[in-house]
file structure_22.cif (mmCIF, C-alpha atoms and all ligand atoms)
data_my_file
loop_
_atom_site.label_atom_id
_atom_site.label_comp_id
_atom_site.auth_asym_id
_atom_site.auth_seq_id
_atom_site.Cartn_x
_atom_site.Cartn_y
_atom_site.Cartn_z
CA MET M 12 -9.26 6.42 -33.43
CA THR M 13 -7.53 8.62 -30.84
CA TYR M 14 -8.69 9.81 -27.43
CA ILE M 15 -7.84 12.78 -25.21
CA ASN M 16 -5.47 11.65 -22.49
CA LYS M 17 -5.57 13.71 -19.28
CA LYS M 18 -2.28 13.43 -17.42
CA ILE M 19 -0.40 14.66 -14.40
CA ILE M 20 3.27 15.28 -15.17
CA LEU M 21 6.13 15.67 -12.69
CA LYS M 22 7.47 19.21 -13.19
CA SER M 23 10.08 19.33 -10.41
CA ARG M 24 11.23 17.08 -7.59
CA PRO M 25 9.69 18.00 -4.23
CA THR M 26 11.71 18.65 -1.13
CA GLY M 27 9.68 17.33 1.79
CA ARG M 28 5.94 17.54 1.21
CA PRO M 29 5.01 17.84 -2.51
CA ASN M 30 3.03 20.93 -3.55
CA ASP M 31 1.22 22.16 -6.68
CA SER M 32 4.40 23.66 -8.17
CA ASN M 33 5.83 20.13 -8.54
CA PHE M 34 3.11 18.97 -10.96
CA THR M 35 1.45 20.01 -14.25
CA TYR M 36 -1.86 18.95 -15.75
CA LEU M 37 -1.81 18.23 -19.50
CA GLU M 38 -4.22 16.99 -22.14
CA GLU M 39 -2.96 15.34 -25.32
CA GLU M 40 -4.12 12.88 -27.96
CA THR M 41 -3.25 9.24 -27.48
CA ALA M 42 -0.53 7.88 -29.80
CA PRO M 43 -1.47 5.33 -32.50
CA LEU M 44 -0.91 1.74 -31.38
CA GLU M 45 2.08 -0.33 -32.45
CA ASP M 46 2.11 -4.11 -32.65
CA GLY M 47 2.05 -5.72 -29.20
CA GLN M 48 0.45 -2.65 -27.56
CA LEU M 49 -2.88 -1.96 -25.87
CA LEU M 50 -4.80 1.27 -25.47
CA ILE M 51 -6.40 1.21 -22.04
CA LYS M 52 -9.04 3.50 -20.58
CA VAL M 53 -7.87 3.78 -16.99
CA ASP M 54 -10.69 3.25 -14.52
CA LEU M 55 -9.07 3.36 -11.06
CA LEU M 56 -5.59 4.24 -9.84
CA GLY M 57 -4.26 2.96 -6.54
CA ILE M 58 -2.78 5.79 -4.47
CA ASP M 59 0.13 4.00 -2.81
CA ALA M 60 2.85 5.12 -0.43
CA PHE M 61 5.57 3.98 -2.86
CA ILE M 62 4.51 6.77 -5.26
CA ARG M 63 6.07 9.37 -2.95
CA THR M 64 9.45 7.63 -3.11
CA THR M 65 9.39 7.67 -6.95
CA LEU M 66 9.41 11.49 -6.94
CA ASP M 67 12.94 11.61 -5.51
CA GLU M 68 16.13 11.59 -7.59
CA GLY M 69 17.45 8.02 -7.63
CA GLY M 70 14.28 6.97 -5.78
CA PHE M 71 14.09 3.92 -3.58
CA HIS M 72 11.62 2.52 -6.12
CA GLN M 73 11.85 3.10 -9.89
CA GLY M 74 11.89 6.89 -10.28
CA ALA M 75 9.46 9.20 -12.05
CA GLU M 76 11.12 11.25 -14.82
CA ILE M 77 10.83 15.04 -14.86
CA GLY M 78 8.32 15.79 -17.65
CA GLY M 79 6.84 12.28 -17.44
CA VAL M 80 3.78 10.72 -15.87
CA ILE M 81 4.10 9.41 -12.32
CA PRO M 82 4.21 5.66 -11.58
CA ALA M 83 0.93 4.28 -10.20
CA LEU M 84 -0.77 0.93 -10.44
CA GLY M 85 -4.24 0.85 -11.91
CA ILE M 86 -7.00 -1.12 -13.50
CA GLY M 87 -8.76 -0.27 -16.71
CA GLN M 88 -10.47 -1.58 -19.81
CA VAL M 89 -8.89 -2.27 -23.16
CA VAL M 90 -10.35 0.04 -25.83
CA GLN M 91 -8.00 -1.03 -28.66
CA SER M 92 -5.73 -4.05 -28.91
CA LYS M 93 -2.84 -4.87 -31.21
CA ALA M 94 -1.73 -7.71 -28.95
CA GLU M 95 -2.58 -11.36 -29.03
CA GLY M 96 -4.71 -12.58 -26.13
CA PHE M 97 -6.30 -9.18 -25.36
CA ALA M 98 -9.60 -7.91 -26.73
CA GLU M 99 -11.67 -4.74 -26.43
CA GLY M 100 -13.51 -4.72 -23.09
CA ASP M 101 -10.97 -6.85 -21.17
CA TYR M 102 -10.21 -5.63 -17.65
CA VAL M 103 -6.47 -5.33 -17.05
CA PHE M 104 -4.16 -4.48 -14.16
CA GLY M 105 -0.74 -2.86 -14.46
CA PRO M 106 1.45 0.25 -14.13
CA MET M 107 -1.00 2.70 -15.75
CA CYS M 108 0.60 5.85 -14.24
CA SER M 109 -1.06 9.23 -13.57
CA GLN M 110 -3.22 9.48 -16.71
CA SER M 111 -6.66 8.65 -18.05
CA TYR M 112 -5.55 6.60 -21.09
CA ALA M 113 -2.48 4.39 -21.19
CA VAL M 114 -0.74 2.95 -24.25
CA MET M 115 1.10 -0.06 -22.84
CA PRO M 116 2.99 -3.09 -24.13
CA SER M 117 0.71 -6.04 -23.40
CA PHE M 118 3.41 -7.92 -21.45
CA THR M 119 3.17 -5.29 -18.68
CA MET M 120 -0.56 -5.94 -18.24
CA ARG M 121 -2.39 -8.72 -16.47
CA LYS M 122 -5.83 -9.70 -17.72
CA LEU M 123 -8.22 -9.87 -14.76
CA ASP M 124 -10.77 -12.54 -14.06
CA THR M 125 -13.60 -10.40 -12.71
CA SER M 126 -15.56 -13.50 -11.67
CA VAL M 127 -13.06 -13.82 -8.79
CA ALA M 128 -13.80 -10.38 -7.32
CA GLU M 129 -14.90 -6.83 -8.20
CA PRO M 130 -12.25 -5.08 -10.37
CA SER M 131 -11.33 -2.65 -7.56
CA ALA M 132 -10.35 -5.60 -5.33
CA PHE M 133 -7.35 -6.22 -7.60
CA LEU M 134 -5.91 -2.96 -6.27
CA GLY M 135 -7.17 -3.44 -2.71
CA ALA M 136 -7.80 -6.71 -0.88
CA LEU M 137 -6.17 -8.81 -3.63
CA GLY M 138 -3.79 -6.09 -4.78
CA LEU M 139 -0.05 -6.58 -5.12
CA THR M 140 0.82 -3.55 -3.00
CA THR M 141 -2.03 -4.07 -0.52
CA GLY M 142 -3.54 -7.49 0.30
CA MET M 143 -0.62 -9.50 -1.09
CA THR M 144 1.96 -7.32 0.66
CA ALA M 145 0.12 -7.76 3.96
CA TYR M 146 -0.25 -11.51 3.38
CA PHE M 147 3.44 -12.21 2.72
CA GLY M 148 4.51 -9.91 5.53
CA ILE M 149 2.31 -11.62 8.10
CA VAL M 150 2.42 -15.23 6.87
CA ASP M 151 5.88 -15.68 5.34
CA VAL M 152 8.03 -13.04 7.02
CA GLY M 153 6.31 -12.58 10.39
CA ARG M 154 5.31 -16.26 10.58
CA VAL M 155 2.41 -15.36 12.86
CA LYS M 156 1.21 -18.39 14.80
CA PRO M 157 -1.64 -19.17 17.19
CA GLY M 158 -1.34 -17.31 20.46
CA ASP M 159 0.87 -14.48 19.17
CA THR M 160 0.39 -10.87 20.16
CA VAL M 161 0.75 -8.87 16.96
CA VAL M 162 1.14 -5.09 16.61
CA VAL M 163 0.61 -3.29 13.30
CA SER M 164 1.57 0.35 12.61
CA GLY M 165 -0.10 2.42 9.89
CA ALA M 166 -2.95 0.09 10.80
CA ALA M 167 -5.88 2.01 9.34
CA GLY M 168 -4.27 2.39 5.90
CA ALA M 169 -4.40 -0.06 3.02
CA VAL M 170 -1.63 -2.53 3.90
CA GLY M 171 -2.02 -2.14 7.66
CA SER M 172 -5.76 -2.79 7.71
CA MET M 173 -5.17 -6.03 5.79
CA ALA M 174 -2.16 -7.06 7.89
CA GLY M 175 -4.06 -6.90 11.19
CA GLN M 176 -6.95 -8.97 9.85
CA ILE M 177 -4.61 -11.54 8.29
CA ALA M 178 -2.77 -11.82 11.61
CA ARG M 179 -6.08 -12.65 13.29
CA LEU M 180 -6.91 -15.20 10.56
CA SER M 181 -3.46 -16.74 11.13
CA GLY M 182 -4.33 -17.40 14.78
CA ALA M 183 -2.99 -14.36 16.63
CA SER M 184 -4.65 -14.12 20.02
CA LYS M 185 -4.30 -10.36 20.21
CA VAL M 186 -4.04 -7.80 17.39
CA ILE M 187 -3.24 -4.19 18.27
CA GLY M 188 -3.26 -1.43 15.66
CA ILE M 189 -1.50 1.93 15.83
CA ALA M 190 -3.02 4.79 13.80
CA GLY M 191 -3.56 8.55 13.89
CA GLY M 192 -6.79 9.90 15.38
CA PRO M 193 -9.82 8.61 17.30
CA HIS M 194 -11.87 8.01 14.12
CA LYS M 195 -9.14 5.60 12.99
CA THR M 196 -8.87 3.69 16.26
CA LYS M 197 -12.67 3.34 16.25
CA PHE M 198 -12.56 2.06 12.65
CA LEU M 199 -9.95 -0.54 13.63
CA VAL M 200 -11.86 -1.88 16.61
CA ASP M 201 -15.48 -1.52 15.43
CA GLU M 202 -15.18 -2.31 11.73
CA LEU M 203 -12.05 -4.44 11.40
CA LYS M 204 -12.35 -6.19 14.78
CA PHE M 205 -8.83 -5.45 16.02
CA ASP M 206 -8.64 -6.19 19.75
CA ALA M 207 -7.37 -2.72 20.52
CA ALA M 208 -5.99 0.37 18.87
CA ILE M 209 -3.61 3.15 19.89
CA ASP M 210 -3.96 6.72 18.63
CA TYR M 211 -0.30 7.70 18.22
CA LYS M 212 -1.23 11.35 17.68
CA ASN M 213 -2.98 11.71 21.05
CA GLU M 214 -1.70 8.87 23.25
CA ASN M 215 1.66 7.73 24.61
CA VAL M 216 2.40 4.68 22.45
CA GLY M 217 4.81 3.05 24.90
CA ALA M 218 2.48 3.42 27.88
CA ARG M 219 -0.50 2.10 25.92
CA LEU M 220 1.51 -0.91 24.68
CA ASP M 221 2.40 -1.68 28.31
CA GLU M 222 -1.31 -1.68 29.19
CA LEU M 223 -2.51 -3.62 26.15
CA ALA M 224 0.33 -6.15 25.82
CA PRO M 225 1.67 -6.63 29.35
CA ASP M 226 3.32 -9.93 28.35
CA GLY M 227 5.11 -8.36 25.39
CA ILE M 228 4.91 -8.44 21.59
CA ASN M 229 5.63 -11.47 19.38
CA VAL M 230 5.28 -9.89 15.94
CA PHE M 231 5.45 -6.26 14.81
CA PHE M 232 4.33 -5.44 11.26
CA ASP M 233 5.85 -2.01 10.70
CA ASN M 234 4.68 0.41 8.03
CA VAL M 235 5.93 3.55 9.76
CA GLY M 236 9.44 3.30 11.29
CA GLY M 237 10.91 6.09 13.46
CA GLU M 238 9.77 6.44 17.06
CA ILE M 239 7.00 3.85 16.84
CA LEU M 240 9.53 1.15 15.88
CA ASP M 241 11.65 2.14 18.88
CA ASP M 242 8.62 2.00 21.21
CA VAL M 243 7.82 -1.53 20.04
CA LEU M 244 11.42 -2.79 20.19
CA MET M 245 11.45 -2.00 23.92
CA ARG M 246 8.55 -4.43 24.41
CA ILE M 247 9.40 -7.48 22.28
CA VAL M 248 9.57 -10.95 23.82
CA LEU M 249 12.19 -13.65 23.28
CA GLY M 250 12.08 -14.90 19.68
CA SER M 251 9.94 -12.09 18.31
CA ARG M 252 9.83 -11.13 14.63
CA ILE M 253 9.91 -7.52 13.44
CA VAL M 254 8.66 -7.18 9.86
CA ILE M 255 9.84 -4.09 7.99
CA CYS M 256 7.16 -3.53 5.38
CA GLY M 257 7.83 0.19 5.06
CA ALA M 258 8.74 3.35 6.96
CA ILE M 259 6.36 6.07 5.82
CA SER M 260 7.45 8.46 8.59
CA GLN M 261 10.76 8.71 6.69
CA TYR M 262 9.59 9.05 3.08
CA GLU M 263 9.61 12.84 2.88
CA LYS M 264 13.26 13.03 3.97
CA MET M 265 14.88 9.95 2.50
CA THR M 266 18.38 11.41 2.72
CA GLU M 267 18.05 11.52 6.51
CA VAL M 268 16.45 8.16 7.33
CA ARG M 269 17.01 7.27 10.95
CA GLY M 270 17.39 3.66 12.03
CA PRO M 271 16.06 2.26 15.32
CA LYS M 272 17.80 3.45 18.48
CA ASN M 273 16.68 0.39 20.45
CA TYR M 274 17.97 -2.29 18.06
CA LEU M 275 20.07 -3.97 20.75
CA LYS M 276 16.83 -5.39 22.16
CA LEU M 277 17.04 -7.80 19.20
CA ALA M 278 20.22 -9.32 20.62
CA GLU M 279 18.96 -9.26 24.20
CA ARG M 280 15.74 -11.05 23.19
CA HIS M 281 17.07 -13.31 20.41
CA SER M 282 14.74 -11.67 17.93
CA SER M 283 14.88 -10.89 14.23
CA ILE M 284 14.18 -7.88 12.09
CA GLU M 285 13.49 -8.65 8.43
CA GLY M 286 12.50 -6.43 5.55
CA PHE M 287 10.81 -7.55 2.36
CA ALA M 288 9.36 -6.28 -0.90
CA VAL M 289 6.28 -8.00 -2.25
CA PHE M 290 8.12 -8.68 -5.54
CA HIS M 291 10.41 -11.10 -3.71
CA PHE M 292 7.40 -13.40 -3.43
CA SER M 293 6.38 -13.35 -7.10
CA ALA M 294 6.54 -17.16 -7.32
CA HIS M 295 3.88 -17.30 -4.60
CA TYR M 296 1.33 -14.75 -5.87
CA PRO M 297 -1.23 -17.46 -6.83
CA ARG M 298 -1.18 -18.89 -3.28
CA ALA M 299 -1.75 -15.47 -1.72
CA GLU M 300 -4.43 -14.43 -4.19
CA ALA M 301 -6.38 -17.68 -3.75
CA GLN M 302 -6.34 -17.38 0.05
CA LEU M 303 -7.22 -13.67 0.06
CA ALA M 304 -10.09 -14.25 -2.39
CA ASP M 305 -11.47 -17.04 -0.17
CA TRP M 306 -11.36 -14.82 2.91
CA LEU M 307 -12.96 -11.97 0.99
CA ARG M 308 -15.80 -14.19 -0.28
CA SER M 309 -16.44 -15.64 3.18
CA GLY M 310 -16.52 -12.14 4.71
CA ASP M 311 -13.58 -12.95 7.03
CA LEU M 312 -11.60 -10.17 5.39
CA VAL M 313 -13.00 -6.67 5.00
CA MET M 314 -11.47 -3.97 2.83
CA ARG M 315 -12.66 -0.38 3.20
CA GLU M 316 -12.12 1.44 -0.12
CA GLN M 317 -12.13 5.22 -0.21
CA ILE M 318 -12.78 6.33 -3.79
CA GLU M 319 -12.00 9.92 -4.83
CA HIS M 320 -12.49 11.36 -8.33
CA GLY M 321 -10.58 13.01 -11.20
CA VAL M 322 -7.04 12.38 -12.46
CA GLU M 323 -6.32 16.11 -12.04
CA ASN M 324 -6.58 15.44 -8.28
CA PHE M 325 -3.70 12.94 -8.31
CA PRO M 326 -1.27 15.30 -6.46
CA ALA M 327 -3.91 16.14 -3.84
CA MET M 328 -4.59 12.42 -3.34
CA LEU M 329 -0.92 11.74 -2.81
CA ASN M 330 -0.91 14.36 -0.07
CA MET M 331 -4.05 12.85 1.41
CA LEU M 332 -2.28 9.49 1.61
CA MET M 333 0.82 10.92 3.24
CA THR M 334 -1.20 12.85 5.80
CA GLY M 335 -3.59 9.99 6.54
CA GLY M 336 -6.82 11.61 5.32
CA HIS M 337 -8.23 8.25 4.24
CA HIS M 338 -9.36 4.92 5.69
CA GLY M 339 -8.31 1.63 4.09
CA LYS M 340 -7.40 1.69 0.40
CA LEU M 341 -7.28 5.09 -1.29
CA LEU M 342 -8.39 4.85 -4.93
CA LEU M 343 -8.75 7.52 -7.59
CA LYS M 344 -11.55 7.11 -10.14
CA VAL M 345 -10.08 8.58 -13.28
N1 LIG J 401 7.30 -3.98 1.34
C1 LIG J 401 6.48 -3.86 0.30
O1 LIG J 401 6.56 -4.56 -0.70
C2 LIG J 401 5.41 -2.81 0.37
C3 LIG J 401 4.36 -2.79 -0.59
C4 LIG J 401 3.36 -1.83 -0.45
C5 LIG J 401 3.39 -0.92 0.59
N2 LIG J 401 4.43 -0.97 1.47
C6 LIG J 401 4.50 -0.05 2.61
O2 LIG J 401 3.30 -0.15 3.34
C7 LIG J 401 3.08 1.07 4.05
C8 LIG J 401 1.64 1.51 3.84
O3 LIG J 401 1.46 1.87 2.48
P1 LIG J 401 0.01 2.09 1.85
O4 LIG J 401 0.23 2.36 0.41
O5 LIG J 401 -0.88 0.99 2.29
O6 LIG J 401 -0.45 3.46 2.51
P2 LIG J 401 -1.59 3.71 3.59
O7 LIG J 401 -1.23 2.93 4.81
O8 LIG J 401 -2.93 3.53 3.00
O9 LIG J 401 -1.40 5.26 3.88
C9 LIG J 401 -0.29 5.71 4.56
C10 LIG J 401 -0.60 5.93 6.05
O10 LIG J 401 0.59 6.21 6.74
C11 LIG J 401 0.29 6.93 7.90
N3 LIG J 401 1.37 7.89 8.16
C12 LIG J 401 1.82 8.87 7.35
N4 LIG J 401 2.83 9.54 7.94
C13 LIG J 401 3.00 8.98 9.16
C14 LIG J 401 3.89 9.24 10.26
N5 LIG J 401 4.82 10.21 10.20
N6 LIG J 401 3.78 8.47 11.36
C15 LIG J 401 2.85 7.49 11.43
N7 LIG J 401 1.98 7.19 10.43
C16 LIG J 401 2.06 7.93 9.31
C17 LIG J 401 -1.05 7.63 7.66
O11 LIG J 401 -1.99 7.14 8.59
P3 LIG J 401 -2.28 7.85 10.02
O12 LIG J 401 -3.50 8.69 9.81
O13 LIG J 401 -2.50 6.69 10.89
O14 LIG J 401 -1.07 8.67 10.34
C18 LIG J 401 -1.47 7.12 6.27
O15 LIG J 401 -2.81 6.73 6.25
C19 LIG J 401 4.13 2.05 3.53
O16 LIG J 401 5.21 2.11 4.43
C20 LIG J 401 4.56 1.42 2.23
O17 LIG J 401 5.86 1.81 1.84
C21 LIG J 401 5.44 -1.90 1.37
#

call {"tool": "encode", "arguments": {"input": "structure_22.cif", "output": "structure tokens"}}
result
Amino acid sequence: MTYINKKIILKSRPTGRPNDSNFTYLEEETAPLEDGQLLIKVDLLGIDAFIRTTLDEGGFHQGAEIGGVIPALGIGQVVQSKAEGFAEGDYVFGPMCSQSYAVMPSFTMRKLDTSVAEPSAFLGALGLTTGMTAYFGIVDVGRVKPGDTVVVSGAAGAVGSMAGQIARLSGASKVIGIAGGPHKTKFLVDELKFDAAIDYKNENVGARLDELAPDGINVFFDNVGGEILDDVLMRIVLGSRIVICGAISQYEKMTEVRGPKNYLKLAERHSSIEGFAVFHFSAHYPRAEAQLADWLRSGDLVMREQIEHGVENFPAMLNMLMTGGHHGKLLLKV
């Protein structure tokens, strides 16, 4: 049996902000399965910042091909299986891409144990590019310890909202989030229990950091780069750790990425700056997932999911992510 697959295809590479002319919507029948393959009905796609970087030639992450679907992680249900160990109805996680049905080799898919958490949590709180990224960045790279003052940029997004909460659960005495707009700072303080939040669109970040962290910053979990990184570097203490998780302020002009102007503060204050990709911690995924699932069950960790609808809206959702029109994890119900 075949199904109608609705897909978004990359038509041309965007310069700066993507627009409708860069994408095409197509419908076509699914291909018959070969041995070792699964046909998956995609349920939810995670709209992640890395997707923007795949649209560029020679992208920072694995690139999207012109004429092909766009990389995106998703969860879905197996509707046909020609692979051992997978049966109709199984929930799976993997690189589903911008489409409603995916024919995938089974080795690229992970079967999900939905008794651990709701399926959507495997993209959000327990997700590789969300909860796990935040966990390794705070625990293994930032080595947050009791008493630390921790600052998180991009704090009201998926990774940032997890990172701030994990910092608190790791003993930080003060967690400060930086995000765009008063509704986001309110979300951080009221819903996620950050100690304070700075609205970088309407406030002076440096001046607010001076008020909120007069003794300086021990750990900075950076999702944004650019000026915010420079503002924080001016205020680090001796032995601080700067975690480079990402630099979304640079993703629409990757040929002109600008490094931090104030990097000499690292030498002055015997501090480190360390980048990481979640894949570097693949041997430790079970540890992170077990801890995140415990925190989720106990209610110590909260993940706001914003669910939008329709695979044809994939390009619009990518723009929503880049312009910050969401809170927490942005998901697309296909
Ligand atoms: N190292 C890794 O392995 C890894 C894995 C996954 C993700 N990441 C990184 O984590 C970061 C967050 O990704 P995500 O998928 O969770 O996205 P997200 O945080 O849910 O969404 C992106 C957010 O970035 C903010 N933003 C956009 N342009 C900005 C600018 N010029 N200045 C300041 N803030 C800006 C927007 O929030 P505002 O409304 O606050 O502006 C938006 O909500 C990205 O840098 C991504 O590359 C890294």

call {"tool": "residues_near_ligand", "arguments": {"input": "structure_22.cif", "ligand": "ligand LIG 401 (chain J)", "cutoff": "7 Å", "atoms": "only C-alpha atoms and all ligand atoms", "output": "number ranges by chain"}}
result
M: 58-61, 140-141, 144, 165-171, 189-192, 234-235, 256-260, 287-290, 332-341

call {"tool": "atom_distance", "arguments": {"input": "structure_22.cif", "atom1": "atom CA of M:Met107", "atom2": "atom CA of M:Gly78"}}
result
16.2 Å

call {"tool": "residues_around", "arguments": {"input": "structure_22.cif", "residues": "M:Lys197", "least_positions_apart": "4", "cutoff": "10 Å", "atoms": "all atoms listed in the file", "output": "number ranges by chain"}}
result
M: 167, 192-193, 201-205, 207-210

call {"tool": "atom_distance", "arguments": {"input": "structure_22.cif", "atom1": "atom CA of M:Asp226", "atom2": "atom CA of M:Phe198"}}
result
25.3 Å

call {"tool": "residues_around", "arguments": {"input": "structure_22.cif", "residues": "M:Ala301", "least_positions_apart": "3", "cutoff": "12 Å", "atoms": "only C-alpha atoms", "output": "VMD selection string"}}
result
chain M and resid 127 to 128 136 to 138 142 to 143 146 295 to 298 304 to 308

call {"tool": "atom_distance", "arguments": {"input": "structure_22.cif", "atom1": "atom CA of M:Ile20", "atom2": "atom CA of M:Lys122"}}
result
26.7 Å

call {"tool": "residues_around", "arguments": {"input": "structure_22.cif", "residues": "M:Phe104", "least_positions_apart": "2", "cutoff": "10 Å", "atoms": "all atoms listed in the file", "output": "PyMOL selection string"}}
result
chain M and resi 51+53+55-56+84-88+102+106-107+119-123+130-131+133-134+138

call {"tool": "residues_around", "arguments": {"input": "structure_22.cif", "residues": "M:Val90", "least_positions_apart": "6", "cutoff": "12 Å", "atoms": "all atoms listed in the file", "output": "CSV table (one decimal) with C-alpha atoms, in the coordinates of the input"}}
result
chain,number,residue,atom,x,y,z
M,12,MET,CA,-9.3,6.4,-33.4
M,13,THR,CA,-7.5,8.6,-30.8
M,14,TYR,CA,-8.7,9.8,-27.4
M,41,THR,CA,-3.2,9.2,-27.5
M,44,LEU,CA,-0.9,1.7,-31.4
M,48,GLN,CA,0.4,-2.6,-27.6
M,49,LEU,CA,-2.9,-2.0,-25.9
M,50,LEU,CA,-4.8,1.3,-25.5
M,51,ILE,CA,-6.4,1.2,-22.0
M,52,LYS,CA,-9.0,3.5,-20.6
M,53,VAL,CA,-7.9,3.8,-17.0
M,54,ASP,CA,-10.7,3.2,-14.5
M,97,PHE,CA,-6.3,-9.2,-25.4
M,98,ALA,CA,-9.6,-7.9,-26.7
M,99,GLU,CA,-11.7,-4.7,-26.4
M,100,GLY,CA,-13.5,-4.7,-23.1
M,101,ASP,CA,-11.0,-6.8,-21.2
M,102,TYR,CA,-10.2,-5.6,-17.6
M,103,VAL,CA,-6.5,-5.3,-17.0
M,112,TYR,CA,-5.6,6.6,-21.1
M,113,ALA,CA,-2.5,4.4,-21.2
M,114,VAL,CA,-0.7,3.0,-24.2
M,115,MET,CA,1.1,-0.1,-22.8

call {"tool": "closest_residue", "arguments": {"input": "structure_22.cif", "among": "M:Met265, M:Ser172, M:Gln91, M:Phe118", "to": "M:Thr26", "atoms": "only C-alpha atoms"}}
result
M:Met265

call {"tool": "closest_residue", "arguments": {"input": "structure_22.cif", "among": "M:Ala42, M:Leu199, M:Leu180, M:Val162", "to": "M:Val243", "atoms": "only C-alpha atoms"}}
result
M:Val162

call {"tool": "closest_residue", "arguments": {"input": "structure_22.cif", "among": "M:Ser283, M:Gln110, M:Asn324, M:Ser164", "to": "M:Val152", "atoms": "only C-alpha atoms"}}
result
M:Ser283

call {"tool": "closest_residue", "arguments": {"input": "structure_22.cif", "among": "M:Gly227, M:Gly135, M:Gly105, M:Gly286", "to": "M:Arg315", "atoms": "only C-alpha atoms"}}
result
M:Gly135

call {"tool": "build_atoms", "arguments": {"input": "structure_22.cif", "residues": "stretch 217-222 of chain M", "atoms": "all heavy atoms", "output": "PDB file, keeping the file's coordinate frame"}}
result
ATOM      1  N   GLY M 217       4.148   3.991  23.997  1.00  0.00           N
ATOM      2  CA  GLY M 217       4.810   3.050  24.900  1.00  0.00           C
ATOM      3  C   GLY M 217       3.918   2.666  26.079  1.00  0.00           C
ATOM      4  O   GLY M 217       3.752   1.483  26.405  1.00  0.00           O
ATOM      5  N   ALA M 218       3.319   3.678  26.701  1.00  0.00           N
ATOM      6  CA  ALA M 218       2.480   3.420  27.880  1.00  0.00           C
ATOM      7  C   ALA M 218       1.264   2.584  27.498  1.00  0.00           C
ATOM      8  O   ALA M 218       0.864   1.654  28.227  1.00  0.00           O
ATOM      9  CB  ALA M 218       2.040   4.752  28.498  1.00  0.00           C
ATOM     10  N   ARG M 219       0.684   2.869  26.356  1.00  0.00           N
ATOM     11  CA  ARG M 219      -0.500   2.100  25.920  1.00  0.00           C
ATOM     12  C   ARG M 219      -0.118   0.658  25.569  1.00  0.00           C
ATOM     13  O   ARG M 219      -0.871  -0.281  25.848  1.00  0.00           O
ATOM     14  CB  ARG M 219      -1.164   2.790  24.723  1.00  0.00           C
ATOM     15  CG  ARG M 219      -1.834   4.084  25.080  1.00  0.00           C
ATOM     16  CD  ARG M 219      -3.185   3.871  25.766  1.00  0.00           C
ATOM     17  NE  ARG M 219      -4.192   3.430  24.814  1.00  0.00           N
ATOM     18  CZ  ARG M 219      -5.057   2.439  25.004  1.00  0.00           C
ATOM     19  NH1 ARG M 219      -5.026   1.754  26.133  1.00  0.00           N
ATOM     20  NH2 ARG M 219      -5.937   2.124  24.081  1.00  0.00           N
ATOM     21  N   LEU M 220       1.075   0.465  24.970  1.00  0.00           N
ATOM     22  CA  LEU M 220       1.510  -0.910  24.680  1.00  0.00           C
ATOM     23  C   LEU M 220       1.701  -1.678  25.985  1.00  0.00           C
ATOM     24  O   LEU M 220       1.369  -2.868  26.072  1.00  0.00           O
ATOM     25  CB  LEU M 220       2.805  -0.905  23.860  1.00  0.00           C
ATOM     26  CG  LEU M 220       2.655  -0.535  22.376  1.00  0.00           C
ATOM     27  CD1 LEU M 220       4.031  -0.370  21.726  1.00  0.00           C
ATOM     28  CD2 LEU M 220       1.829  -1.569  21.604  1.00  0.00           C
ATOM     29  N   ASP M 221       2.229  -1.005  27.014  1.00  0.00           N
ATOM     30  CA  ASP M 221       2.400  -1.680  28.310  1.00  0.00           C
ATOM     31  C   ASP M 221       1.064  -2.153  28.855  1.00  0.00           C
ATOM     32  O   ASP M 221       0.955  -3.248  29.404  1.00  0.00           O
ATOM     33  CB  ASP M 221       3.068  -0.727  29.310  1.00  0.00           C
ATOM     34  CG  ASP M 221       4.544  -0.528  28.997  1.00  0.00           C
ATOM     35  OD1 ASP M 221       5.126  -1.384  28.294  1.00  0.00           O
ATOM     36  OD2 ASP M 221       5.105   0.501  29.433  1.00  0.00           O
ATOM     37  N   GLU M 222       0.035  -1.307  28.696  1.00  0.00           N
ATOM     38  CA  GLU M 222      -1.310  -1.680  29.190  1.00  0.00           C
ATOM     39  C   GLU M 222      -1.918  -2.824  28.373  1.00  0.00           C
ATOM     40  O   GLU M 222      -2.497  -3.765  28.916  1.00  0.00           O
ATOM     41  CB  GLU M 222      -2.281  -0.510  28.980  1.00  0.00           C
ATOM     42  CG  GLU M 222      -2.340   0.529  30.062  1.00  0.00           C
ATOM     43  CD  GLU M 222      -3.119   1.752  29.531  1.00  0.00           C
ATOM     44  OE1 GLU M 222      -4.175   1.594  28.858  1.00  0.00           O
ATOM     45  OE2 GLU M 222      -2.625   2.846  29.799  1.00  0.00           O
TER      46      GLU M 222
END
